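Peer 1: What follows is the file input.txt, containing compact mmCIF, C-alpha atoms:
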# COMPACT_ATOMS: atom_id res chain seq x y z
CA MET H 1 36.13 -48.31 218.08
CA ASN H 2 35.74 -45.97 215.09
CA LYS H 3 39.10 -44.22 215.01
CA VAL H 4 41.83 -45.57 212.74
CA LEU H 5 45.54 -44.90 212.65
CA PHE H 6 45.83 -44.77 208.86
CA PRO H 7 43.04 -44.22 206.32
CA LEU H 8 42.81 -46.75 203.49
CA PRO H 9 42.68 -45.73 199.81
CA GLU H 10 39.22 -45.07 198.45
CA THR H 11 37.50 -48.01 196.79
CA LEU H 12 37.61 -47.94 193.00
CA VAL H 13 34.29 -47.11 191.35
CA VAL H 14 33.85 -48.13 187.71
CA PRO H 15 31.52 -45.98 185.57
CA VAL H 16 28.41 -47.62 184.16
CA MET H 17 27.44 -46.56 180.65
CA GLY H 18 24.51 -44.12 180.64
CA GLU H 19 24.21 -43.93 184.42
CA GLU H 20 25.30 -41.54 187.15
CA ALA H 21 26.02 -44.19 189.75
CA GLY H 22 29.07 -46.42 189.39
CA TYR H 23 30.00 -49.97 190.30
CA GLN H 24 32.11 -50.21 193.45
CA VAL H 25 34.81 -52.87 193.17
CA GLY H 26 35.18 -55.33 196.03
CA ARG H 27 37.03 -58.50 194.97
CA ILE H 28 38.66 -59.49 191.69
CA PHE H 29 38.78 -63.14 190.64
CA CYS H 30 40.64 -64.23 187.49
CA VAL H 31 40.21 -67.40 185.45
CA GLY H 32 43.40 -69.02 184.25
CA ARG H 33 43.90 -70.71 180.86
CA ASN H 34 40.35 -70.23 179.58
CA TYR H 35 41.43 -70.11 175.91
CA ALA H 36 43.13 -73.24 174.56
CA ALA H 37 45.37 -71.33 172.13
CA HIS H 38 46.70 -69.10 174.92
CA ALA H 39 47.40 -72.08 177.15
CA ALA H 40 49.32 -73.70 174.27
CA GLU H 41 51.41 -70.59 173.58
CA MET H 42 52.42 -70.57 177.25
CA GLY H 43 53.40 -74.24 177.09
CA ASN H 44 50.49 -75.44 179.21
CA GLU H 45 47.65 -77.89 178.80
CA VAL H 46 44.06 -76.94 179.49
CA ASP H 47 42.36 -78.53 182.48
CA ARG H 48 38.90 -79.29 181.13
CA GLU H 49 37.64 -80.80 184.38
CA ALA H 50 37.15 -77.45 186.09
CA PRO H 51 38.31 -73.83 185.85
CA PHE H 52 41.02 -72.54 188.16
CA TYR H 53 41.54 -69.08 189.60
CA PHE H 54 43.87 -66.51 191.05
CA THR H 55 42.94 -63.21 192.68
CA LYS H 56 44.04 -59.61 192.26
CA ALA H 57 43.58 -56.90 194.89
CA ALA H 58 40.98 -54.26 194.11
CA ALA H 59 43.37 -51.69 195.63
CA ASN H 60 45.73 -52.33 192.70
CA ALA H 61 43.09 -51.71 190.01
CA VAL H 62 42.82 -48.51 187.95
CA LEU H 63 40.40 -47.12 185.41
CA THR H 64 40.98 -46.96 181.68
CA ASP H 65 42.99 -44.16 180.05
CA GLU H 66 45.55 -44.06 182.86
CA VAL H 67 49.26 -43.38 182.32
CA VAL H 68 51.16 -45.66 184.71
CA PRO H 69 54.87 -46.32 185.27
CA TYR H 70 56.55 -49.46 184.00
CA PRO H 71 56.49 -51.70 187.09
CA PRO H 72 59.54 -52.57 189.17
CA GLY H 73 61.12 -56.00 189.33
CA THR H 74 60.43 -57.16 185.78
CA ASP H 75 61.94 -57.10 182.30
CA ASP H 76 59.00 -58.91 180.71
CA PHE H 77 55.75 -56.98 181.28
CA HIS H 78 52.80 -58.49 179.38
CA TYR H 79 49.30 -57.42 178.43
CA GLU H 80 46.29 -59.76 178.63
CA MET H 81 42.96 -58.62 177.22
CA GLU H 82 39.91 -59.99 179.04
CA LEU H 83 36.14 -59.79 179.37
CA ALA H 84 35.16 -58.65 182.87
CA VAL H 85 31.94 -59.88 184.50
CA ALA H 86 30.46 -57.81 187.33
CA ILE H 87 28.27 -59.58 189.88
CA GLY H 88 25.07 -57.81 190.89
CA ALA H 89 23.31 -60.29 193.19
CA SER H 90 24.51 -62.56 195.97
CA VAL H 91 24.83 -66.20 194.90
CA PHE H 92 26.15 -69.38 196.48
CA ARG H 93 26.27 -72.76 194.74
CA ALA H 94 24.44 -71.24 191.79
CA GLY H 95 22.79 -73.25 189.05
CA PRO H 96 22.93 -71.99 185.43
CA ALA H 97 19.79 -69.82 185.66
CA GLU H 98 20.80 -68.27 188.98
CA ALA H 99 24.34 -67.70 187.70
CA ALA H 100 23.05 -65.86 184.63
CA ALA H 101 20.65 -63.76 186.74
CA SER H 102 23.47 -62.74 189.10
CA VAL H 103 25.37 -60.79 186.42
CA PHE H 104 25.08 -57.03 186.74
CA GLY H 105 27.13 -56.17 183.68
CA TYR H 106 30.16 -56.63 181.48
CA GLY H 107 33.24 -54.61 180.63
CA CYS H 108 36.67 -54.72 179.07
CA ALA H 109 39.74 -55.28 181.24
CA LEU H 110 43.50 -55.66 181.09
CA ASP H 111 45.24 -58.20 183.28
CA MET H 112 48.79 -56.84 183.25
CA THR H 113 51.41 -59.42 184.21
CA ARG H 114 55.06 -59.55 185.23
CA ARG H 115 55.51 -62.65 183.10
CA ASP H 116 59.07 -63.42 184.13
CA LEU H 117 58.08 -63.44 187.79
CA GLN H 118 54.94 -65.48 187.15
CA ILE H 119 56.91 -68.16 185.28
CA ARG H 120 59.71 -68.16 187.85
CA GLU H 121 57.32 -68.70 190.73
CA ARG H 122 55.28 -71.27 188.82
CA LYS H 123 58.38 -73.37 188.17
CA LYS H 124 59.07 -73.38 191.90
CA GLN H 125 55.42 -74.29 192.60
CA ARG H 126 54.90 -71.01 194.41
CA PRO H 127 51.93 -68.60 194.24
CA TRP H 128 51.80 -66.15 191.31
CA ASP H 129 51.21 -63.03 193.40
CA LEU H 130 54.39 -61.18 192.42
CA GLY H 131 53.65 -61.79 188.75
CA LYS H 132 49.93 -61.06 188.79
CA ASP H 133 48.88 -58.85 191.69
CA LEU H 134 50.85 -55.70 191.03
CA GLU H 135 50.07 -52.00 191.40
CA ASN H 136 48.08 -50.71 188.40
CA GLY H 137 47.91 -54.33 187.22
CA THR H 138 44.16 -54.47 186.58
CA VAL H 139 42.68 -51.89 184.22
CA LEU H 140 38.91 -51.57 183.95
CA ALA H 141 36.80 -49.81 181.31
CA PRO H 142 33.25 -48.50 181.86
CA MET H 143 30.70 -51.29 182.16
CA SER H 144 27.47 -51.99 180.33
CA ARG H 145 24.51 -53.54 182.10
CA ALA H 146 23.89 -57.13 181.10
CA GLY H 147 20.56 -56.23 179.51
CA ASP H 148 22.19 -53.55 177.34
CA TRP H 149 24.65 -55.91 175.65
CA GLU H 150 24.00 -58.89 173.40
CA GLY H 151 26.88 -61.00 174.72
CA PRO H 152 28.64 -62.98 175.72
CA ALA H 153 28.35 -64.99 172.53
CA GLY H 154 30.64 -64.85 169.51
CA GLN H 155 31.81 -61.24 169.92
CA GLN H 156 35.34 -60.38 168.84
CA ILE H 157 37.88 -59.77 171.60
CA TRP H 158 41.01 -57.93 170.50
CA LEU H 159 44.00 -55.91 171.62
CA GLU H 160 46.44 -53.61 169.86
CA VAL H 161 49.75 -52.07 170.89
CA ASN H 162 50.58 -48.74 169.25
CA GLY H 163 47.88 -49.44 166.66
CA GLU H 164 49.11 -52.95 165.77
CA ILE H 165 46.76 -55.87 166.45
CA ARG H 166 48.29 -58.42 168.84
CA GLN H 167 45.26 -60.39 170.06
CA ASP H 168 42.27 -61.29 167.91
CA ALA H 169 39.76 -63.99 168.90
CA THR H 170 36.09 -64.45 169.81
CA LEU H 171 34.38 -65.03 173.12
CA ALA H 172 33.06 -68.30 171.69
CA GLU H 173 36.59 -69.66 172.12
CA MET H 174 36.33 -69.54 175.92
CA ILE H 175 36.51 -73.05 177.35
CA TRP H 176 34.36 -72.15 180.36
CA SER H 177 31.34 -69.90 179.77
CA VAL H 178 30.34 -67.09 182.10
CA THR H 179 27.61 -69.21 183.69
CA ASP H 180 30.01 -72.15 184.02
CA ILE H 181 32.48 -69.94 185.85
CA ILE H 182 29.94 -68.35 188.19
CA GLY H 183 28.40 -71.72 188.97
CA HIS H 184 31.77 -73.26 189.80
CA LEU H 185 33.28 -70.28 191.66
CA SER H 186 30.14 -69.84 193.75
CA GLY H 187 30.71 -73.33 195.09
CA PHE H 188 33.72 -71.95 196.96
CA TYR H 189 32.73 -68.32 197.67
CA HIS H 190 29.54 -66.47 198.48
CA LEU H 191 29.68 -64.19 195.45
CA ARG H 192 28.19 -60.76 195.98
CA PRO H 193 27.79 -57.33 194.35
CA GLY H 194 31.23 -55.76 193.92
CA ASP H 195 32.83 -59.01 192.79
CA ILE H 196 34.43 -58.88 189.34
CA ILE H 197 35.53 -61.94 187.39
CA LEU H 198 38.10 -61.66 184.62
CA THR H 199 37.36 -64.54 182.26
CA GLY H 200 40.77 -65.24 180.70
CA THR H 201 42.78 -64.04 177.73
CA PRO H 202 43.11 -65.34 174.16
CA ALA H 203 46.37 -66.11 172.38
CA GLY H 204 48.75 -63.36 171.34
CA VAL H 205 50.00 -62.08 174.68
CA GLY H 206 53.34 -60.31 174.65
CA ALA H 207 55.65 -57.79 176.22
CA VAL H 208 55.25 -54.01 176.22
CA GLN H 209 57.77 -51.25 176.85
CA THR H 210 57.88 -47.72 178.19
CA GLY H 211 55.95 -45.40 175.89
CA ASP H 212 53.65 -48.11 174.51
CA ARG H 213 49.91 -47.46 174.23
CA ILE H 214 47.70 -50.49 174.78
CA ARG H 215 44.09 -50.54 173.59
CA GLY H 216 41.70 -53.45 173.69
CA GLY H 217 38.05 -54.18 173.26
CA VAL H 218 35.13 -56.54 172.97
CA ASP H 219 32.46 -55.84 170.35
CA GLY H 220 29.67 -53.76 171.84
CA LEU H 221 31.55 -52.69 174.99
CA ALA H 222 33.59 -49.60 175.82
CA PRO H 223 37.30 -50.18 175.05
CA VAL H 224 40.07 -50.21 177.63
CA GLU H 225 43.32 -48.24 177.23
CA LEU H 226 46.61 -47.92 179.09
CA THR H 227 49.84 -46.00 178.43
CA LEU H 228 53.17 -46.98 179.98
CA ALA H 229 55.41 -44.23 181.32
CA ALA H 230 59.02 -44.55 182.41
CA ALA H 231 59.74 -46.58 185.51
CA GLU H 232 59.82 -44.66 188.76
Would you mind writing the structure in this file as structure tokens?
Peer 2:
Amino acid sequence: MNKVLFPLPETLVVPVMGEEAGYQVGRIFCVGRNYAAHAAEMGNEVDREAPFYFTKAAANAVLTDEVVPYPPGTDDFHYEMELAVAIGASVFRAGPAEAAASVFGYGCALDMTRRDLQIRERKKQRPWDLGKDLENGTVLAPMSRAGDWEGPAGQQIWLEVNGEIRQDATLAEMIWSVTDIIGHLSGFYHLRPGDIILTGTPAGVGAVQTGDRIRGGVDGLAPVELTLAAAE
């Protein structure tokens, strides 16, 4: 049966620097508490035994430079600047070398969060979906192929709001490296091209308001930007 009652939204395609073809987004995995200073500012301890994850729907992702409305249901809307890793080869139970070889490219991303809802649900031991998986809640910048970038190593990761620096750290501060994450996550999922992993945010997260312009980056990668319009 080929006919459908309702067509689905088109899949998001992220530009790749210097290329005509883009990267089609399938699934989005996010690593929680991958910077010790951020975990501390949120009143949490870091689990150094293994990374943990939450997911965000690709249908809720947008490209950089968008103007989006302040989301409903929150009075505490936060930015989180992250390094995005794009998978380019299928892997399952990957070792370090296979994990490294599976990376197609890297990009800058924003993990926007309804912090009040996330904390409320966490206190009740409920899933974080209302806080994390919101419309326009993942913002992706153009990617660079892995071979065209010298990271991830000690590159600076930063974010500013209306020109004022709010987050300023280095990728070396990540508790779990990119290969650590891919190796661990691929023990639970058959990772495949189209999968994007957001690798966590450094300290300095905070709330933004209508009219704010958010801009973040990682040295050597295209920056990511977002502007908040009035709520609908």
Peer 1: Check the smallest atom-to-atom distance from each of H:Thr55, H:Gln209, H:Thr11, H:Asn162 to Leu130 of chain H using only C-alpha atoms, then report the winner.
Peer 2: H:Thr55
Peer 1: Would you write out, as CSV, a table of all residues in segment 210-231 of chain H that have an atom no more than 12 Å from an atom of segment 17-30 of chain H, listing for each the closest atom pair and the distance in Å to one decimal, considering only C-alpha atoms and ordering rows by chain and rising residue number?
Peer 2:
residue,atom,partner,partner_atom,distance
H:Gly220,CA,H:Met17,CA,11.6
H:Leu221,CA,H:Met17,CA,9.3
H:Ala222,CA,H:Met17,CA,8.4
H:Pro223,CA,H:Met17,CA,11.9
Peer 1: Looking at H:Gln125, H:Cys108, H:Thr199, H:Glu66, which one is nearest to Ile175 of chain H, with distances taken over only C-alpha atoms?
Peer 2: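 Result for the nearest residue to Ile175 of chain H: H:Thr199.
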Peer 1: Which one of H:Ala100, H:Ala229, H:Met143, H:Leu191 sits closest to Ser177 of chain H if you count only C-alpha atoms?
Peer 2: H:Ala100
Peer 1: Using all atoms listed in the file, find the one residue out of H:Lys123, H:Arg33, H:Arg166, H:His190 that sits nearest to Gly216 of chain H.
Peer 2: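 Closest to Gly216 of chain H of all the choices is H:Arg166.
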Peer 1: In Å, with one decimal, what is the gap from atom CA of Tyr79 of chain H to atom CA of Trp128 of chain H?
Peer 2: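 Computing it gives 15.8 Å between the two atoms.
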Peer 1: Give me, as a compact mmCIF listing (two decimals) with C-alpha atoms, in the coordinates of the input, all polymer residues having an atom no more than 7 Å from segment 80-89 of chain H, counting only C-alpha atoms and skipping those fewer than 5 positions away in the same chain.
Peer 2:
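around26.txt, freshly written:
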# COMPACT_ATOMS: atom_id res chain seq x y z
CA SER H 102 23.47 -62.74 189.10
CA VAL H 103 25.37 -60.79 186.42
CA PHE H 104 25.08 -57.03 186.74
CA GLY H 105 27.13 -56.17 183.68
CA TYR H 106 30.16 -56.63 181.48
CA GLY H 107 33.24 -54.61 180.63
CA CYS H 108 36.67 -54.72 179.07
CA ALA H 109 39.74 -55.28 181.24
CA LEU H 110 43.50 -55.66 181.09
CA ASP H 111 45.24 -58.20 183.28
CA MET H 112 48.79 -56.84 183.25
CA LEU H 159 44.00 -55.91 171.62
CA ARG H 192 28.19 -60.76 195.98
CA PRO H 193 27.79 -57.33 194.35
CA GLY H 194 31.23 -55.76 193.92
CA ASP H 195 32.83 -59.01 192.79
CA ILE H 196 34.43 -58.88 189.34
CA ILE H 197 35.53 -61.94 187.39
CA LEU H 198 38.10 -61.66 184.62
CA THR H 199 37.36 -64.54 182.26
CA GLY H 200 40.77 -65.24 180.70
CA THR H 201 42.78 -64.04 177.73
CA VAL H 205 50.00 -62.08 174.68
CA GLY H 216 41.70 -53.45 173.69
Peer 1: Please measure the separation of atom CA of Ala101 of chain H and atom CA of Trp176 of chain H, giving the value in Å to one decimal.
Peer 2: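 Here the two named atoms are 17.3 Å from each other.
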Peer 1: Which is closer to Glu164 of chain H than all the others in H:Asp65, H:Asp76, H:Glu10, H:Asp212, using only C-alpha atoms?
Peer 2: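 Once distances to Glu164 of chain H are computed over only C-alpha atoms, the minimum belongs to H:Asp212.
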Peer 1: Smallest atom-to-atom distance to Arg114 of chain H: which of H:His184, H:Arg126, H:Lys132, H:Arg213, using only C-alpha atoms?
Peer 2: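 Smallest separation from Arg114 of chain H among the options: H:Lys132.
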Peer 1: Fewer than 5 positions away in the same chain doesn't count, so skip those; otherwise give me all residues within 9 Å of Phe52 of chain H, counting only C-alpha atoms, as a compact mmCIF listing (two decimals) with C-alpha atoms, keeping the file's coordinate frame.
Peer 2:
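Result file part_13.txt:
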# COMPACT_ATOMS: atom_id res chain seq x y z
CA CYS H 30 40.64 -64.23 187.49
CA VAL H 31 40.21 -67.40 185.45
CA GLY H 32 43.40 -69.02 184.25
CA ARG H 33 43.90 -70.71 180.86
CA ASN H 34 40.35 -70.23 179.58
CA ASP H 47 42.36 -78.53 182.48
CA LEU H 185 33.28 -70.28 191.66
Peer 1: Which residues, written as a list of chain:residue names, have at least one atom at most 12 Å from Thr170 of chain H, with only C-alpha atoms counted and residues fewer than 6 positions away on the same chain left out?
Peer 2: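 Here the answer would be H:Tyr35, H:Ala37, H:Met81, H:Glu82, H:Leu83, H:Gly151, H:Pro152, H:Ala153, H:Gly154, H:Gln155, H:Gln156, H:Ile157, H:Trp158, H:Leu159, H:Gly200, H:Thr201, H:Pro202, H:Ala203, H:Gly217, H:Val218, H:Asp219.
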Peer 1: Those selected residues, please, written with C-alpha atoms and delivered as a PDB file, keeping the file's coordinate frame.
Peer 2:
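The resulting selection.pdb:
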ATOM      1  CA  TYR H  35      41.430 -70.110 175.910  1.00  0.00           C
ATOM      2  CA  ALA H  37      45.370 -71.330 172.130  1.00  0.00           C
ATOM      3  CA  MET H  81      42.960 -58.620 177.220  1.00  0.00           C
ATOM      4  CA  GLU H  82      39.910 -59.990 179.040  1.00  0.00           C
ATOM      5  CA  LEU H  83      36.140 -59.790 179.370  1.00  0.00           C
ATOM      6  CA  GLY H 151      26.880 -61.000 174.720  1.00  0.00           C
ATOM      7  CA  PRO H 152      28.640 -62.980 175.720  1.00  0.00           C
ATOM      8  CA  ALA H 153      28.350 -64.990 172.530  1.00  0.00           C
ATOM      9  CA  GLY H 154      30.640 -64.850 169.510  1.00  0.00           C
ATOM     10  CA  GLN H 155      31.810 -61.240 169.920  1.00  0.00           C
ATOM     11  CA  GLN H 156      35.340 -60.380 168.840  1.00  0.00           C
ATOM     12  CA  ILE H 157      37.880 -59.770 171.600  1.00  0.00           C
ATOM     13  CA  TRP H 158      41.010 -57.930 170.500  1.00  0.00           C
ATOM     14  CA  LEU H 159      44.000 -55.910 171.620  1.00  0.00           C
ATOM     15  CA  GLY H 200      40.770 -65.240 180.700  1.00  0.00           C
ATOM     16  CA  THR H 201      42.780 -64.040 177.730  1.00  0.00           C
ATOM     17  CA  PRO H 202      43.110 -65.340 174.160  1.00  0.00           C
ATOM     18  CA  ALA H 203      46.370 -66.110 172.380  1.00  0.00           C
ATOM     19  CA  GLY H 217      38.050 -54.180 173.260  1.00  0.00           C
ATOM     20  CA  VAL H 218      35.130 -56.540 172.970  1.00  0.00           C
ATOM     21  CA  ASP H 219      32.460 -55.840 170.350  1.00  0.00           C
TER      22      ASP H 219
END
Peer 1: In Å, rounded to a single decimal, give me how far atom CA of Ser90 of chain H is from atom CA of Gly183 of chain H.
Peer 2: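 One can read the atom CA of Gly183 of chain H to atom CA of Ser90 of chain H distance as 12.2 Å.
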Peer 1: Let me have the centre and edge lengths of the axis-aligned box enclosing all listed atoms of segment 118-130 of chain H with 3 Å padding on every side, in Å to one decimal, as AutoDock Vina command-line options.
Peer 2:
--center_x 55.5 --center_y -67.7 --center_z 189.8 --size_x 14.5 --size_y 19.1 --size_z 15.1
